[in-house]
>>> print(open('target36.txt').read())   # compact mmCIF, C-alpha atoms and all ligand atoms
# COMPACT_ATOMS: atom_id res chain seq x y z
CA MET A 1 0.00 0.00 0.00
CA ILE A 2 1.55 3.30 -1.11
CA ASP A 3 0.65 6.78 0.15
CA LEU A 4 -0.86 8.33 -2.95
CA LEU A 5 -1.82 7.51 -6.52
CA LEU A 6 -2.08 10.37 -9.03
CA ARG A 7 -4.23 9.07 -11.89
CA ASN A 8 -4.36 10.45 -15.45
CA ALA A 9 -1.31 12.68 -15.50
CA VAL A 10 -0.02 13.87 -18.89
CA LEU A 11 3.75 14.41 -18.95
CA PRO A 12 5.50 16.99 -21.16
CA ARG A 13 5.90 16.03 -24.87
CA SER A 14 3.11 13.50 -24.57
CA THR A 15 -0.67 13.27 -24.80
CA ALA A 16 -1.25 9.82 -23.26
CA PRO A 17 -2.23 9.88 -19.56
CA VAL A 18 -0.16 7.85 -17.08
CA ASP A 19 -0.43 7.17 -13.34
CA LEU A 20 2.18 8.35 -10.83
CA GLY A 21 2.74 6.70 -7.47
CA VAL A 22 3.95 8.58 -4.38
CA ASP A 23 5.35 6.93 -1.27
CA GLY A 24 7.37 8.48 1.52
CA GLY A 25 7.61 11.75 -0.39
CA VAL A 26 9.19 10.07 -3.42
CA LEU A 27 7.79 8.99 -6.81
CA VAL A 28 7.39 5.21 -7.20
CA GLU A 29 6.11 2.83 -9.91
CA ALA A 30 2.30 3.10 -9.97
CA ALA A 31 1.50 -0.11 -11.86
CA GLY A 32 -0.48 -2.59 -9.74
CA GLN A 33 -0.25 -0.45 -6.59
CA GLU A 34 -2.98 0.12 -4.03
CA ALA A 35 -2.91 3.54 -2.38
CA ARG A 36 -4.25 5.12 0.78
CA GLU A 37 -5.37 8.14 -1.28
CA THR A 38 -6.11 8.62 -4.98
CA ILE A 39 -6.38 11.89 -6.90
CA ASP A 40 -7.69 11.87 -10.47
CA LEU A 41 -5.91 14.63 -12.39
CA GLY A 42 -8.34 14.28 -15.30
CA GLY A 43 -5.72 14.16 -18.08
CA ARG A 44 -3.93 17.37 -17.01
CA LEU A 45 -0.30 18.26 -17.69
CA VAL A 46 2.14 17.46 -14.88
CA THR A 47 5.68 18.86 -14.85
CA PRO A 48 8.57 18.99 -12.40
CA PRO A 49 8.48 22.13 -10.21
CA LEU A 50 8.95 25.48 -11.87
CA VAL A 51 12.27 27.16 -11.09
CA GLU A 52 12.70 30.95 -11.09
CA PRO A 53 16.34 31.61 -12.03
CA HIS A 54 16.29 35.41 -12.04
CA ILE A 55 14.22 37.80 -9.97
CA HIS A 56 14.94 40.88 -7.85
CA LEU A 57 12.89 40.12 -4.74
CA ASP A 58 14.19 43.16 -2.84
CA ALA A 59 12.41 45.46 -5.32
CA VAL A 60 9.10 43.61 -5.80
CA LEU A 61 5.79 45.46 -5.28
CA THR A 62 7.44 48.91 -5.10
CA VAL A 63 5.91 50.21 -8.35
CA GLY A 64 4.82 53.83 -7.93
CA GLN A 65 7.01 54.36 -4.84
CA PRO A 66 7.94 57.08 -4.18
CA ARG A 67 6.83 58.15 -7.67
CA PRO A 68 5.81 56.41 -10.89
CA ASN A 69 8.23 55.68 -13.76
CA VAL A 70 6.41 57.82 -16.34
CA SER A 71 8.56 56.96 -19.38
CA GLY A 72 8.95 53.28 -18.44
CA SER A 73 12.65 53.49 -19.33
CA LEU A 74 15.54 51.69 -17.63
CA PHE A 75 17.17 54.99 -16.65
CA GLU A 76 14.08 56.51 -15.07
CA GLY A 77 13.62 53.17 -13.27
CA ILE A 78 17.14 53.39 -11.82
CA ALA A 79 16.48 56.98 -10.65
CA VAL A 80 13.17 56.01 -9.00
CA TRP A 81 14.76 52.98 -7.29
CA ALA A 82 17.62 55.15 -5.96
CA GLU A 83 14.94 57.21 -4.13
CA ARG A 84 12.95 54.20 -2.89
CA VAL A 85 16.00 52.32 -1.64
CA ARG A 86 16.70 55.07 0.95
CA ASP A 87 13.81 53.94 3.15
CA LEU A 88 14.35 50.22 2.81
CA THR A 89 14.00 48.36 6.14
CA VAL A 90 14.24 44.65 6.97
CA GLY A 91 10.50 44.59 7.76
CA ASP A 92 9.58 46.38 4.52
CA VAL A 93 11.60 43.94 2.38
CA GLN A 94 10.33 40.85 4.19
CA ALA A 95 6.65 41.85 4.00
CA ARG A 96 6.83 42.36 0.22
CA VAL A 97 8.91 39.22 -0.42
CA ARG A 98 6.65 36.99 1.73
CA LYS A 99 3.72 38.03 -0.44
CA VAL A 100 5.48 37.41 -3.78
CA LEU A 101 6.93 34.04 -2.64
CA ARG A 102 3.33 32.95 -2.03
CA TRP A 103 2.36 34.09 -5.53
CA GLN A 104 5.30 32.17 -6.96
CA LEU A 105 4.42 29.03 -5.01
CA ALA A 106 0.82 29.24 -6.26
CA ASN A 107 2.32 29.33 -9.77
CA GLY A 108 4.32 26.15 -9.06
CA VAL A 109 7.70 27.75 -8.35
CA GLN A 110 9.63 25.85 -5.65
CA SER A 111 13.15 27.23 -6.20
CA VAL A 112 14.06 30.87 -6.64
CA ARG A 113 17.35 32.64 -7.36
CA SER A 114 17.06 36.28 -6.31
CA HIS A 115 19.55 39.03 -7.03
CA VAL A 116 19.85 41.33 -4.00
CA ASP A 117 21.27 44.85 -4.27
CA VAL A 118 24.41 45.05 -2.10
CA CYS A 119 25.34 48.68 -2.92
CA ASP A 120 24.31 49.59 0.62
CA PRO A 121 26.80 49.89 3.50
CA GLU A 122 24.18 48.34 5.82
CA LEU A 123 23.28 45.46 3.43
CA THR A 124 19.68 45.79 4.68
CA ALA A 125 18.02 43.86 1.84
CA LEU A 126 20.51 41.00 2.04
CA ARG A 127 20.05 40.68 5.81
CA ALA A 128 16.27 40.58 5.31
CA LEU A 129 16.53 37.88 2.65
CA VAL A 130 19.08 35.74 4.53
CA GLU A 131 16.54 35.56 7.39
CA LEU A 132 13.72 34.74 4.99
CA ARG A 133 15.78 31.99 3.30
CA GLU A 134 15.66 30.13 6.64
CA GLU A 135 11.98 30.93 7.24
CA VAL A 136 10.86 29.39 3.93
CA ARG A 137 13.22 26.37 3.93
CA GLY A 138 11.35 23.20 2.96
CA ILE A 139 8.75 25.20 1.01
CA VAL A 140 10.80 27.30 -1.41
CA ASP A 141 14.57 26.95 -1.92
CA LEU A 142 15.97 30.46 -2.05
CA GLN A 143 19.39 31.25 -3.58
CA LEU A 144 20.70 34.77 -2.98
CA VAL A 145 22.99 36.62 -5.39
CA ALA A 146 25.22 39.45 -4.12
CA PHE A 147 24.24 41.93 -6.86
CA PRO A 148 26.14 45.25 -7.07
CA GLN A 149 23.43 47.32 -8.80
CA GLN A 150 25.75 50.35 -9.09
CA GLY A 151 28.97 48.47 -9.87
CA ILE A 152 31.82 46.94 -7.90
CA LEU A 153 34.68 49.28 -8.88
CA GLY A 154 32.40 52.27 -9.49
CA PHE A 155 30.78 52.21 -6.00
CA PRO A 156 32.52 53.29 -2.78
CA ASP A 157 33.97 50.20 -1.05
CA GLY A 158 32.35 48.03 -3.74
CA ARG A 159 34.85 45.17 -3.39
CA LYS A 160 34.54 45.15 0.42
CA LEU A 161 30.72 45.09 0.19
CA MET A 162 30.86 42.07 -2.12
CA GLU A 163 33.12 40.25 0.34
CA LYS A 164 30.88 41.26 3.26
CA ALA A 165 27.83 39.96 1.35
CA CYS A 166 29.56 36.59 0.94
CA ASP A 167 30.40 36.59 4.68
CA LEU A 168 26.72 37.26 5.43
CA GLY A 169 25.67 34.18 3.43
CA ALA A 170 25.17 35.02 -0.27
CA ASP A 171 25.08 31.80 -2.32
CA VAL A 172 26.04 33.37 -5.63
CA VAL A 173 28.41 36.18 -6.68
CA GLY A 174 26.92 38.74 -9.08
CA GLY A 175 28.18 41.67 -11.11
CA ILE A 176 27.24 44.33 -13.65
CA PRO A 177 30.37 44.92 -15.81
CA HIS A 178 28.61 47.01 -18.49
CA TYR A 179 27.67 49.55 -15.79
CA GLU A 180 31.22 50.08 -14.48
CA LEU A 181 32.88 53.44 -15.28
CA THR A 182 35.17 52.14 -18.04
CA ARG A 183 35.58 49.05 -20.21
CA GLU A 184 38.75 48.23 -18.25
CA ASP A 185 36.85 48.48 -14.95
CA GLY A 186 34.23 46.13 -16.41
CA VAL A 187 36.91 43.54 -17.22
CA ALA A 188 38.50 43.98 -13.78
CA SER A 189 35.10 43.56 -12.10
CA VAL A 190 34.56 40.20 -13.84
CA GLN A 191 38.06 39.03 -12.82
CA PHE A 192 37.42 40.15 -9.23
CA LEU A 193 34.03 38.44 -8.90
CA MET A 194 35.16 35.19 -10.53
CA SER A 195 38.11 35.02 -8.18
CA LEU A 196 35.85 35.75 -5.18
CA ALA A 197 33.46 32.95 -6.20
CA ALA A 198 36.30 30.49 -6.84
CA ASP A 199 37.92 31.24 -3.45
CA ARG A 200 34.63 30.83 -1.57
CA GLY A 201 33.28 27.87 -3.57
CA LEU A 202 30.23 29.91 -4.65
CA LEU A 203 28.28 30.06 -7.91
CA VAL A 204 28.36 33.05 -10.28
CA ASP A 205 25.46 34.92 -11.93
CA VAL A 206 26.31 38.22 -13.61
CA HIS A 207 24.04 40.84 -15.20
CA CYS A 208 26.11 40.92 -18.36
CA ASP A 209 25.85 43.19 -21.40
CA GLU A 210 22.27 44.26 -20.62
CA THR A 211 22.38 47.01 -23.23
CA ASP A 212 21.82 47.50 -26.95
CA ASP A 213 25.45 48.66 -27.31
CA ASP A 214 27.17 46.13 -29.58
CA HIS A 215 30.53 47.14 -28.08
CA SER A 216 29.51 45.73 -24.70
CA ARG A 217 31.47 42.46 -24.76
CA PHE A 218 31.95 41.30 -21.18
CA VAL A 219 30.43 37.86 -21.74
CA GLU A 220 33.64 36.90 -23.58
CA VAL A 221 35.58 37.81 -20.43
CA MET A 222 33.25 35.62 -18.36
CA ALA A 223 33.82 32.72 -20.79
CA ALA A 224 37.60 33.11 -20.63
CA GLU A 225 37.59 33.21 -16.81
CA THR A 226 35.25 30.19 -16.65
CA ILE A 227 37.52 28.17 -18.97
CA ARG A 228 40.76 29.13 -17.18
CA ARG A 229 39.38 28.47 -13.71
CA GLY A 230 37.61 25.21 -14.69
CA MET A 231 34.24 26.55 -13.45
CA ALA A 232 32.01 24.95 -16.13
CA GLY A 233 28.44 24.50 -14.90
CA ARG A 234 28.85 27.01 -12.04
CA VAL A 235 28.68 30.27 -14.01
CA THR A 236 25.62 32.05 -15.43
CA ALA A 237 25.36 35.14 -17.60
CA SER A 238 22.00 36.89 -17.33
CA HIS A 239 20.39 39.11 -19.98
CA THR A 240 23.34 39.32 -22.52
CA THR A 241 21.03 41.42 -24.72
CA ALA A 242 23.95 43.11 -26.53
CA MET A 243 24.72 39.72 -28.12
CA HIS A 244 21.62 40.24 -30.24
CA SER A 245 23.39 43.22 -31.92
CA TYR A 246 26.88 41.70 -32.41
CA ASN A 247 28.10 41.22 -35.97
CA ALA A 248 27.82 37.66 -37.27
CA ALA A 249 31.58 36.99 -37.42
CA TYR A 250 32.09 38.04 -33.79
CA ALA A 251 28.98 36.17 -32.62
CA TYR A 252 30.25 32.98 -34.32
CA ARG A 253 33.59 33.12 -32.51
CA LEU A 254 31.94 34.09 -29.22
CA ILE A 255 29.38 31.28 -29.25
CA ASN A 256 32.15 28.72 -29.92
CA ASN A 257 33.96 29.97 -26.81
CA LEU A 258 30.74 30.02 -24.78
CA ALA A 259 30.11 26.37 -25.75
CA ARG A 260 33.64 25.54 -24.59
CA SER A 261 33.06 27.35 -21.28
CA GLY A 262 29.95 25.39 -20.22
CA MET A 263 28.32 28.58 -18.94
CA HIS A 264 24.54 28.89 -18.49
CA PHE A 265 22.29 31.71 -19.71
CA VAL A 266 19.16 33.43 -18.43
CA THR A 267 17.01 35.53 -20.74
CA ASN A 268 14.40 37.85 -19.21
CA PRO A 269 11.74 38.44 -21.87
CA LEU A 270 9.31 40.49 -19.78
CA ASP A 271 11.65 43.29 -18.69
CA ASN A 272 13.87 43.29 -21.75
CA SER A 273 10.96 43.48 -24.19
CA VAL A 274 10.00 46.84 -22.67
CA LEU A 275 13.44 48.17 -21.63
CA GLN A 276 15.59 47.46 -24.71
CA GLY A 277 15.46 49.21 -28.07
CA ARG A 278 14.55 52.51 -26.41
CA PHE A 279 17.07 54.49 -28.49
CA ASP A 280 16.04 52.92 -31.80
CA GLN A 281 13.87 55.07 -34.06
CA GLY A 282 13.03 52.15 -36.34
CA PRO A 283 13.45 49.36 -36.97
CA VAL A 284 13.35 48.78 -33.20
CA ARG A 285 15.49 45.83 -32.06
CA ARG A 286 13.83 43.14 -29.99
CA GLY A 287 16.55 43.34 -27.34
CA HIS A 288 16.93 39.66 -26.49
CA THR A 289 19.94 37.42 -26.46
CA ARG A 290 20.58 34.83 -29.19
CA VAL A 291 18.44 32.16 -27.56
CA LYS A 292 18.26 29.68 -30.44
CA GLN A 293 21.93 29.94 -31.44
CA LEU A 294 23.02 29.34 -27.84
CA GLN A 295 20.72 26.32 -27.65
CA GLU A 296 21.99 24.98 -30.98
CA ALA A 297 25.50 25.18 -29.50
CA GLY A 298 24.31 22.87 -26.70
CA LEU A 299 24.11 25.54 -24.00
CA THR A 300 21.47 25.82 -21.29
CA VAL A 301 19.26 28.87 -21.70
CA CYS A 302 16.50 29.46 -19.20
CA ILE A 303 13.81 32.07 -18.72
CA GLY A 304 13.73 34.56 -15.85
CA HIS A 305 10.89 36.82 -14.68
CA ASP A 306 13.29 39.54 -13.47
CA SER A 307 10.74 41.98 -11.96
CA VAL A 308 7.32 41.88 -10.36
CA MET A 309 5.69 45.32 -10.09
CA ASP A 310 8.87 47.35 -9.53
CA PRO A 311 10.27 50.60 -11.03
CA TRP A 312 11.41 48.73 -14.18
CA TYR A 313 8.41 46.53 -14.87
CA PRO A 314 4.95 47.45 -13.52
CA LEU A 315 3.24 44.18 -14.50
CA GLY A 316 3.51 40.50 -13.64
CA TYR A 317 2.35 38.11 -10.90
CA GLY A 318 5.44 35.94 -10.57
CA ASP A 319 4.45 33.35 -13.17
CA PRO A 320 7.32 31.92 -15.26
CA LEU A 321 4.77 30.59 -17.76
CA GLN A 322 3.79 34.16 -18.63
CA ALA A 323 7.45 34.95 -19.36
CA ALA A 324 7.71 31.79 -21.50
CA PHE A 325 4.61 32.88 -23.47
CA VAL A 326 6.24 36.24 -24.21
CA LEU A 327 9.54 34.61 -25.24
CA ALA A 328 7.69 32.35 -27.69
CA HIS A 329 6.98 35.57 -29.59
CA PHE A 330 10.15 37.60 -29.10
CA ALA A 331 12.53 34.67 -29.77
CA HIS A 332 10.50 33.25 -32.69
CA MET A 333 10.03 30.02 -30.71
CA SER A 334 6.69 29.01 -32.22
CA GLY A 335 8.04 25.87 -33.96
CA ALA A 336 6.52 22.50 -33.09
CA ASP A 337 9.61 21.36 -31.16
CA GLU A 338 10.30 24.81 -29.74
CA LEU A 339 7.03 25.24 -27.80
CA PRO A 340 7.72 22.25 -25.49
CA ARG A 341 11.29 23.50 -25.06
CA LEU A 342 9.85 26.65 -23.48
CA ILE A 343 8.44 24.46 -20.66
CA ASP A 344 11.94 22.96 -20.14
CA MET A 345 13.25 26.53 -19.96
CA ILE A 346 11.14 27.21 -16.83
CA THR A 347 11.60 23.77 -15.18
CA VAL A 348 14.57 21.45 -15.79
CA GLU A 349 16.91 23.96 -17.47
CA PRO A 350 16.80 26.57 -14.68
CA ALA A 351 17.17 23.68 -12.17
CA ARG A 352 20.47 22.84 -13.90
CA THR A 353 21.47 26.51 -13.87
CA LEU A 354 20.87 26.70 -10.11
CA ALA A 355 22.89 23.46 -9.68
CA LEU A 356 19.82 21.71 -8.22
CA PRO A 357 19.31 17.93 -8.50
CA GLU A 358 17.56 16.90 -11.72
CA ASN A 359 13.87 15.94 -11.35
CA ARG A 360 12.33 14.27 -14.43
CA LEU A 361 9.37 12.73 -12.56
CA ARG A 362 10.90 9.26 -12.70
CA PRO A 363 10.63 6.67 -9.90
CA GLY A 364 13.11 7.73 -7.22
CA ASP A 365 12.71 11.46 -7.93
CA PRO A 366 11.14 13.53 -5.13
CA ALA A 367 7.35 13.89 -5.40
CA ASP A 368 7.74 17.57 -6.23
CA LEU A 369 5.44 18.41 -9.13
CA VAL A 370 3.01 20.86 -10.66
CA VAL A 371 -0.39 20.21 -12.28
CA PHE A 372 -1.60 22.60 -14.98
CA ASP A 373 -5.24 23.18 -15.95
CA ALA A 374 -4.48 22.10 -19.54
CA PRO A 375 -4.25 18.77 -21.36
CA THR A 376 -0.78 19.26 -22.94
CA ASP A 377 2.37 21.36 -22.64
CA VAL A 378 1.44 23.42 -25.70
CA ASP A 379 -2.06 24.10 -24.35
CA ALA A 380 -0.60 25.13 -20.98
CA LEU A 381 1.58 27.67 -22.77
CA ARG A 382 -1.19 28.86 -25.10
CA LEU A 383 -3.64 29.44 -22.25
CA VAL A 384 -1.02 30.46 -19.64
CA ALA A 385 -3.03 27.88 -17.70
CA ARG A 386 -3.48 28.02 -13.94
CA ARG A 387 -1.73 25.52 -11.71
CA THR A 388 -4.46 23.39 -10.12
CA LEU A 389 -2.06 21.57 -7.76
CA VAL A 390 1.47 22.19 -6.49
CA MET A 391 3.02 19.33 -4.58
CA ARG A 392 6.31 19.02 -2.71
CA GLY A 393 7.49 15.79 -1.12
CA GLY A 394 4.00 14.42 -1.81
CA ARG A 395 2.35 17.25 0.19
CA VAL A 396 -0.04 19.73 -1.43
CA LEU A 397 1.40 23.25 -1.04
CA ALA A 398 -0.97 25.14 -3.32
CA ARG A 399 -4.15 24.55 -5.26
CA SER A 400 -6.36 26.58 -7.63
CA GLU A 401 -9.91 25.88 -8.66
CA PRO A 402 -10.19 25.58 -12.45
CA ALA A 403 -12.09 28.55 -13.89
CA ARG A 404 -15.48 27.84 -15.47
CA THR A 405 -16.71 30.04 -18.34
CA THR A 406 -20.06 30.00 -20.11
CA VAL A 407 -21.60 31.88 -23.01
CA THR A 408 -25.26 32.32 -23.76
CA TRP A 409 -25.87 31.54 -27.41
CA ASP A 410 -29.31 31.33 -28.99
CA GLY A 411 -30.87 31.53 -25.54
CA ALA A 412 -28.89 28.56 -24.14
CA GLU A 413 -26.03 28.83 -21.66
CA GLU A 414 -23.13 26.60 -22.64
CA GLU A 415 -19.63 26.03 -21.31
CA VAL A 416 -16.55 27.25 -23.17
CA THR A 417 -13.24 25.48 -22.40
CA PHE A 418 -10.94 27.12 -24.97
CA LEU A 419 -9.90 23.58 -25.98
CA ARG A 420 -10.29 22.04 -29.41
ZN ZN A 501 17.97 41.40 -13.40
>>> encode(input="target36.txt", output="structure tokens")
Amino acid sequence: MIDLLLRNAVLPRSTAPVDLGVDGGVLVEAAGQEARETIDLGGRLVTPPLVEPHIHLDAVLTVGQPRPNVSGSLFEGIAVWAERVRDLTVGDVQARVRKVLRWQLANGVQSVRSHVDVCDPELTALRALVELREEVRGIVDLQLVAFPQQGILGFPDGRKLMEKACDLGADVVGGIPHYELTREDGVASVQFLMSLAADRGLLVDVHCDETDDDHSRFVEVMAAETIRRGMAGRVTASHTTAMHSYNAAYAYRLINNLARSGMHFVTNPLDNSVLQGRFDQGPVRRGHTRVKQLQEAGLTVCIGHDSVMDPWYPLGYGDPLQAAFVLAHFAHMSGADELPRLIDMITVEPARTLALPENRLRPGDPADLVVFDAPTDVDALRLVARRTLVMRGGRVLARSEPARTTVTWDGAEEEVTFLR
């Protein structure tokens, strides 16, 4: 007798329902098993947990504070945040983050990597999030990145603050080389942060080349440092939007070196679709990295949400599926094999990027899973379908009631499911 039988689950890249067994918090063979409890999933899509590889939790839910970003631009966003950050307190950060972590969990997210601004002598936001990381352990795995929003070399005591952030318990070393005062400072900042991560045995995740300037080429420095230090699999470059504008000959050489480095990539379609291309009069560039070329080179590219209702992005509710839906458009990923890949890019690929154990919903994997109110992976994406059930270690952590819609047509009320 096993604990739980989940009947009629449809796995990604499939349409045929299967049964999943759960015992002792782990998935087991379901065939021929009796269970203490049975849940019929009604032919709904089941995936491993969603993983959020890139969000700024310290800034969530601050949109409009202390004033709105009227233009919606990156630069006005930075100016507004510089005002808001002055009255940051531990309580303020924790109250906002607790709310958004619940939203994320309801969307099926069980692991989150958050960048945390450490350009603050008090490191208030980092202290708040280090405490929260303990509070939510066992529900959401939180990885914290020491993120120098205003630069490492270009901010007073920037290097010391990065070291202090690691002492306080940051899991990942961040950076922002394209924002340093000079190109040389950008290169030096990458060398500094890679060395810091190597010395401390930490991971790396750098905001890299988040600009439309095709001369911003710090990702090549990251690749070189990753190769020389043997840090394959431990280093992530986020955004890399400038890559989109590189000439083809340079991009060819770069992508070969990136493949050799074994780095991972995070693209952030929500923020970058509204923040990039702001200086273009037409044609306006899409402002995303070279997602398909990186994937063709065998590299891991995953999708981040980046912002939830902050000075840079006023929308969002913490759902990676919404970001995947947007990337389907901006990255031309509407091909028959590309749509299911978008689901990988919010589940198993970010798990690899965060160096988490792989969960493919096979016997022996933890019973951590997400049920979508849709019959297939493509339908889930098309409908940005709600998550009806979120389970961790065989326990239900979140549930949503499926929505029911009717229309009245020729005097009769009938149900509409938006399914063929
Ligand atoms: Zn970011």
>>> residues_near_point(input="target36.txt", point="(-17.1, 28.1, -15.9)", cutoff="12 Å", atoms="all atoms listed in the file", output="list in words")
Glu401, Pro402, Ala403, Arg404, Thr405, Thr406, Val407, Glu413, Glu414, Glu415, Val416, Thr417 and Phe418 of chain A
>>> closest_residue(input="target36.txt", among="A:Gly277, A:Pro156, A:Pro357, A:Gly91", to="Thr211 of chain A", atoms="only C-alpha atoms")
A:Gly277
>>> closest_atom_pairs(input="target36.txt", of="chain A", to="ligand ZN 501 (chain A)", cutoff="8 Å", atoms="all atoms listed in the file", output="CSV")
residue,atom,partner,partner_atom,distance
A:His54,CA,A:ZN501,ZN,6.4
A:Ile55,CA,A:ZN501,ZN,6.2
A:His56,CA,A:ZN501,ZN,6.3
A:His115,CA,A:ZN501,ZN,7.0
A:His207,CA,A:ZN501,ZN,6.4
A:Ser238,CA,A:ZN501,ZN,7.2
A:His239,CA,A:ZN501,ZN,7.4
A:Asn268,CA,A:ZN501,ZN,7.7
A:Asp306,CA,A:ZN501,ZN,5.0
A:Ser307,CA,A:ZN501,ZN,7.4
>>> residues_near_point(input="target36.txt", point="(17.6, 40.4, -28.8)", cutoff="8 Å", atoms="only C-alpha atoms", output="PyMOL selection string")
chain A and resi 241-245+285-290+330-331
>>> residues_around(input="target36.txt", residues="Gln104 of chain A", least_positions_apart="4", cutoff="8 Å", atoms="all atoms listed in the file", output="ChimeraX atom specification")
/A:100,108-110,317-319
>>> residues_around(input="target36.txt", residues="Val90 of chain A", least_positions_apart="6", cutoff="10 Å", atoms="all atoms listed in the file", output="list in words")
Asp58, Leu123, Thr124, Ala125, Leu126, Arg127, Ala128, Leu129 and Glu131 of chain A
>>> closest_residue(input="target36.txt", among="A:Leu354, A:Leu202, A:Ala35, A:Ala336", to="Asp377 of chain A", atoms="all atoms listed in the file")
A:Ala336
>>> residues_around(input="target36.txt", residues="segment 167-171 of chain A", least_positions_apart="3", cutoff="9 Å", atoms="all atoms listed in the file", output="VMD selection string")
chain A and resid 126 to 127 130 143 to 146 162 to 164 202 to 204
>>> closest_residue(input="target36.txt", among="A:Ile255, A:Ala59, A:Leu20, A:Leu342", to="Pro366 of chain A", atoms="only C-alpha atoms")
A:Leu20
>>> atom_distance(input="target36.txt", atom1="atom CA of Ser189 of chain A", atom2="atom CA of Gly151 of chain A")
8.2 Å
>>> closest_residue(input="target36.txt", among="A:Pro283, A:Gly262, A:Pro375, A:Gly138", to="Gln295 of chain A", atoms="all atoms listed in the file")
A:Gly262
>>> residues_around(input="target36.txt", residues="Leu299 of chain A", least_positions_apart="6", cutoff="12 Å", atoms="all atoms listed in the file", output="MDAnalysis selection string")
chainID A and resid 232:233 235:237 255:266 290:293 345 349:350 352:353
>>> residues_around(input="target36.txt", residues="Ala367 of chain A", least_positions_apart="5", cutoff="9 Å", atoms="all atoms listed in the file", output="MDAnalysis selection string")
chainID A and resid 21:28 48 361 391:395
>>> closest_residue(input="target36.txt", among="A:Ala249, A:Cys119, A:Val378, A:Leu132", to="Asp337 of chain A", atoms="all atoms listed in the file")
A:Val378
>>> atom_distance(input="target36.txt", atom1="atom CA of Leu45 of chain A", atom2="atom CA of Leu270 of chain A")
24.3 Å
>>> closest_atom_pairs(input="target36.txt", of="segment 311-399 of chain A", to="segment 74-77 of chain A", cutoff="9 Å", atoms="all atoms listed in the file", output="tab-separated table")
residue	atom	partner	partner_atom	distance
A:Pro311	CA	A:Gly77	CA	4.8
A:Trp312	CA	A:Gly77	CA	5.0
A:Tyr313	CA	A:Gly77	CA	8.6
>>> closest_residue(input="target36.txt", among="A:Leu6, A:Leu196, A:Val93, A:Val85", to="Val46 of chain A", atoms="all atoms listed in the file")
A:Leu6
>>> atom_distance(input="target36.txt", atom1="atom CA of Asp365 of chain A", atom2="atom CA of Asp19 of chain A")
14.8 Å
>>> axis_aligned_box(input="target36.txt", around="segment 236-240 of chain A", padding_each_side="8 Å", output="JSON")
{"center_x": 23.0, "center_y": 35.7, "center_z": -19.0, "size_x": 21.2, "size_y": 23.3, "size_z": 23.1}
